[in-house]
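Engineer: I have a structure here, written as structure tokens, and I will follow up with some questions on it.
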Amino acid sequence: MRYHYSSSFLGVVLTARVAFSKRSWPYLAAIAVPWLLCAGQRCVTRLADLAAHPRSLSGYYRFLSDGKWRLTLFWRALFEVIVRTFPTPTLTLVLDDTLVPKWGRHIFGTGTYFDHVARPRPGYIWGHNWVVLAVVVGLGPTASVALPFWVRLYRRKGDCRPGEFRTRHELAQEALDAVRSWYAGAILLLADGAYNVASLVTPARALEIHLVSRLRSNAVLRDLEVPGRRPGRPGRPRKWGHRLGSLPGLARVPGAFTPAEVALYGRRVTLRLREFAAYSPALGRAIKVVITRDPTRPTRVAYLMSTDVTLPAVALVEAYARRWTVEQLFAVAKTHLGFDSAEVRKPRAVARHAALTLALITWTEVWWRRVRPQAQVRSFATKLGALRTHAITEAIFASGPRTRRARRNAEALAGLFRTATSAA
């Protein structure tokens, strides 16, 4: 069977048409649905066999490695369709990187990286390190999802030619520069502690982008007020205020905390919060610090910060909780769409496979929002299953008589296909 687009999903994918040439575009339109419907390994041969674009197999291989399409325009098209579909007064971005294990020494961009969350124990892996930027959108009173629109491959300095090396922070800065050129409103960036450094915070603030992140427990903080020099006392004027106590010490002062109800991970809980403004010498600016304690688990303490000193404590905690959506995004990309099982080796093919995999997540979420705007919060697996059912029903119904019985039979067969591929 060859799969065909429904008009609803085609309208979403067409938003990226500007990034492709006249000859390259039909290949994307042909493999997007098979990519989503395919159960198991998504190799080019299988996608070409299921595609509706009758071309040679070599043409599908060349689409990823040598096809004419521009990633910058592709990313902007993804960003714009997200902003149009999920309007919000403050654009919330989430930044993180993920490791993808690979096998083979001739795959472009691979290297040795330490995986802190590997199971059964942390250790080194051979693979890719991808830096991803996504938009966090709300799907209900407490639920959120991350929609990716930008991805870049981080490569070790020893693997780059002179002038090519970029740190993860520099790659993120380039992405933020592009986002600011596309979007003029307020932007809030969520990231973990690895990106809470001056090399990213300083350019982000120059772009009027505030950061919400985690603080290290040994972070050095100082009072915002700088005392003046005592009369008649020699020495240069003070540069910073008095040093504040350690964060663990500040967290042990019970009278400084107040209870507050916050929305975390899909439910509302009560935490004890302590907030204050301080100067961070490492970042070179004033920051808002919030210490959280869980009344039900006294040993659970978190140290959060924001470069926006006017951000309320509850809003800061809820914003950082939405950072977890990027971890869910990585799980979806690897579990449902084959992000970690690509059979590509050339430089452009490696980058374009990652971009298409993440774009399919965004397109699926946008499609679901357009066809079911009032639907309750559902998992990505449910949305992908609905899209599979819709595509199979349309393909079977279009190839036979247009009767009600034919429609019911097509829906029944599509339901069987959805059940058979629910774990893929």
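Residue names in the structure tokens use chain letters A, B, ... in the order shown, residue numbers from 1 in each chain, and ligand numbers from 1 in the order shown.
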Please identify which residues in region 295-404 of chain A DSSP calls strand (DSSP E) from the backbone, and express them as an MDAnalysis selection string.

Structural biologist: chainID A and resid 297:306

Engineer: Name all residues at most 10 Å from Phe86 (chain A) (count only C-alpha atoms; drop same-chain ones fewer than 2 positions away) and give them as a PDB file with C-alpha atoms, in the first residue's frame.

Structural biologist:
```pdb
ATOM      1  CA  GLU A  80       6.443  30.348  12.818  1.00  0.00           C
ATOM      2  CA  VAL A  81       3.883  27.543  12.596  1.00  0.00           C
ATOM      3  CA  ILE A  82       4.321  26.931  16.344  1.00  0.00           C
ATOM      4  CA  VAL A  83       3.858  30.595  17.238  1.00  0.00           C
ATOM      5  CA  ARG A  84       0.797  30.913  15.003  1.00  0.00           C
ATOM      6  CA  THR A  88       1.157  33.276  23.995  1.00  0.00           C
ATOM      7  CA  LEU A  91       7.444  32.997  24.376  1.00  0.00           C
ATOM      8  CA  VAL A 135       9.078  26.156  22.296  1.00  0.00           C
ATOM      9  CA  VAL A 136       7.154  25.186  25.441  1.00  0.00           C
ATOM     10  CA  VAL A 137       3.388  25.525  24.932  1.00  0.00           C
ATOM     11  CA  GLY A 138       0.585  24.938  27.405  1.00  0.00           C
ATOM     12  CA  LEU A 139      -1.999  22.237  26.702  1.00  0.00           C
ATOM     13  CA  VAL A 366       0.216  21.168  15.373  1.00  0.00           C
ATOM     14  CA  ARG A 369      -4.277  21.094  17.766  1.00  0.00           C
TER      15      ARG A 369
END
```

Engineer: Do a neighbour search on Thr112 (chain A) at 7 Å with only C-alpha atoms, toss out local chain neighbours closer than 6 positions, and write the hits as a ChimeraX atom specification.

Structural biologist: /A:124-127

Engineer: Could you dump the residues just selected with N, CA and C atoms as a PDB file, in the first residue's frame?

Structural biologist:
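What landed in selection05.pdb:
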```
ATOM      1  N   TYR A 124      30.769   6.113  29.458  1.00  0.00           N
ATOM      2  CA  TYR A 124      31.044   6.728  28.165  1.00  0.00           C
ATOM      3  C   TYR A 124      30.325   5.976  27.049  1.00  0.00           C
ATOM      4  N   ILE A 125      29.869   6.751  26.050  1.00  0.00           N
ATOM      5  CA  ILE A 125      29.238   6.166  24.874  1.00  0.00           C
ATOM      6  C   ILE A 125      29.904   6.734  23.623  1.00  0.00           C
ATOM      7  N   TRP A 126      29.708   6.051  22.522  1.00  0.00           N
ATOM      8  CA  TRP A 126      30.158   6.534  21.220  1.00  0.00           C
ATOM      9  C   TRP A 126      28.919   6.941  20.435  1.00  0.00           C
ATOM     10  N   GLY A 127      28.836   8.210  20.045  1.00  0.00           N
ATOM     11  CA  GLY A 127      27.643   8.641  19.337  1.00  0.00           C
ATOM     12  C   GLY A 127      27.634  10.122  19.050  1.00  0.00           C
TER      13      GLY A 127
END
```

Engineer: List as a PyMOL selection string the protein and nucleic acid residues near Asp97 (chain A), meaning an atom at most 10 Å away when only C-alpha atoms are counted, but skip any in the same chain fewer than 5 places from it.

Structural biologist: chain A and resi 129-133+151-154+168+191-192+194+326-327+330

Engineer: DSSP on the backbone, then: every residue of region 97-314 of chain A marked helix (DSSP H, G or I), written as a PyMOL selection string.

Structural biologist: chain A and resi 157-159+168-182+193-195+198-206+247-251+254-256+313-314

Engineer: Rank A:Ala381, A:Gly338, A:Glu343, A:Leu360 by their smallest atom-to-atom distance to Gly40 (chain A), using only C-alpha atoms, and report the top residue only.

Structural biologist: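 Going through A:Ala381, A:Gly338, A:Glu343, A:Leu360 one by one, the smallest distance to Gly40 (chain A) is for A:Gly338.
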
Engineer: So, counting only C-alpha atoms, which residue among A:Ser217, A:Phe276, A:Glu318, A:Gly140 is closest to Val377 (chain A)?

Structural biologist: A:Gly140

Engineer: So, with only C-alpha atoms as the atoms that count, which of A:Arg323, A:Arg252, A:Lys383, A:His169 lies closest to Ser144 (chain A)?

Structural biologist: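 For Ser144 (chain A), the nearest of the candidates is A:Arg323.
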
Engineer: Do you know which residues are at most 8 Å from Tyr60 (chain A) counting only C-alpha atoms, after dropping those on the same chain fewer than 6 positions away, and could you put them as a VMD selection string?

Structural biologist: chain A and resid 27 44 48

Engineer: For the selection just defined, write its residues with C-alpha atoms to a file, as a compact mmCIF listing (two decimals), in the first residue's frame.

Structural biologist:
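Everything below was put into selection.txt:
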```
# COMPACT_ATOMS: atom_id res chain seq x y z
CA TYR A 27 10.39 13.77 -1.58
CA VAL A 44 15.25 4.86 3.35
CA ALA A 48 10.62 4.81 -0.49
```

Engineer: Near Arg70 (chain A), within 6 Å and counting only C-alpha atoms, which residues show up once chain neighbours fewer than 2 positions away are dropped, as a PyMOL selection string?

Structural biologist: chain A and resi 19+72-73

Engineer: So which residues touch Leu283 (chain A) within 8 Å, counting only C-alpha atoms, skipping near sequence neighbours fewer than 5 positions away, as an mmCIF file with N, CA and C atoms, in the first residue's frame?

Structural biologist:
```cif
data_model
loop_
_atom_site.group_PDB
_atom_site.id
_atom_site.type_symbol
_atom_site.label_atom_id
_atom_site.label_comp_id
_atom_site.auth_asym_id
_atom_site.auth_seq_id
_atom_site.Cartn_x
_atom_site.Cartn_y
_atom_site.Cartn_z
ATOM 1 N N VAL A 197 25.738 29.873 32.609
ATOM 2 C CA VAL A 197 27.104 30.393 32.584
ATOM 3 C C VAL A 197 27.095 31.754 31.896
ATOM 4 N N ALA A 198 28.111 32.531 32.191
ATOM 5 C CA ALA A 198 28.175 33.894 31.651
ATOM 6 C C ALA A 198 28.274 33.912 30.135
ATOM 7 N N VAL A 201 24.537 33.586 29.327
ATOM 8 C CA VAL A 201 23.648 34.549 29.986
ATOM 9 C C VAL A 201 23.892 35.960 29.460
ATOM 10 N N THR A 202 25.150 36.341 29.276
ATOM 11 C CA THR A 202 25.462 37.700 28.824
ATOM 12 C C THR A 202 24.896 37.996 27.442
#
```

Engineer: Could you tell me how far CA of Pro26 (chain A) lies from CA of Arg46 (chain A), in Å and to one decimal?

Structural biologist: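 Interatomic distance here is 16.8 Å.
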
Engineer: Which is closer to Ile31 (chain A) than all the others in A:Tyr320, A:Tyr303, A:Phe257, A:Phe63, using only C-alpha atoms?

Structural biologist: A:Phe63

Engineer: Using only C-alpha atoms, which of A:Trp150, A:Tyr279, A:Tyr61, A:Phe165 sits nearest Arg76 (chain A)?

Structural biologist: A:Trp150

Engineer: Do you have the CA of Thr325 (chain A)-CA of His353 (chain A) distance handy?

Structural biologist: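 Distance reported for this atom pair: 21.7 Å.
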
Engineer: Which of these residues is nearest to Val179 (chain A), using only C-alpha atoms: A:Asn218, A:Thr92, A:Thr307, A:Ser58?

Structural biologist: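 Smallest separation from Val179 (chain A) among the options: A:Thr92.
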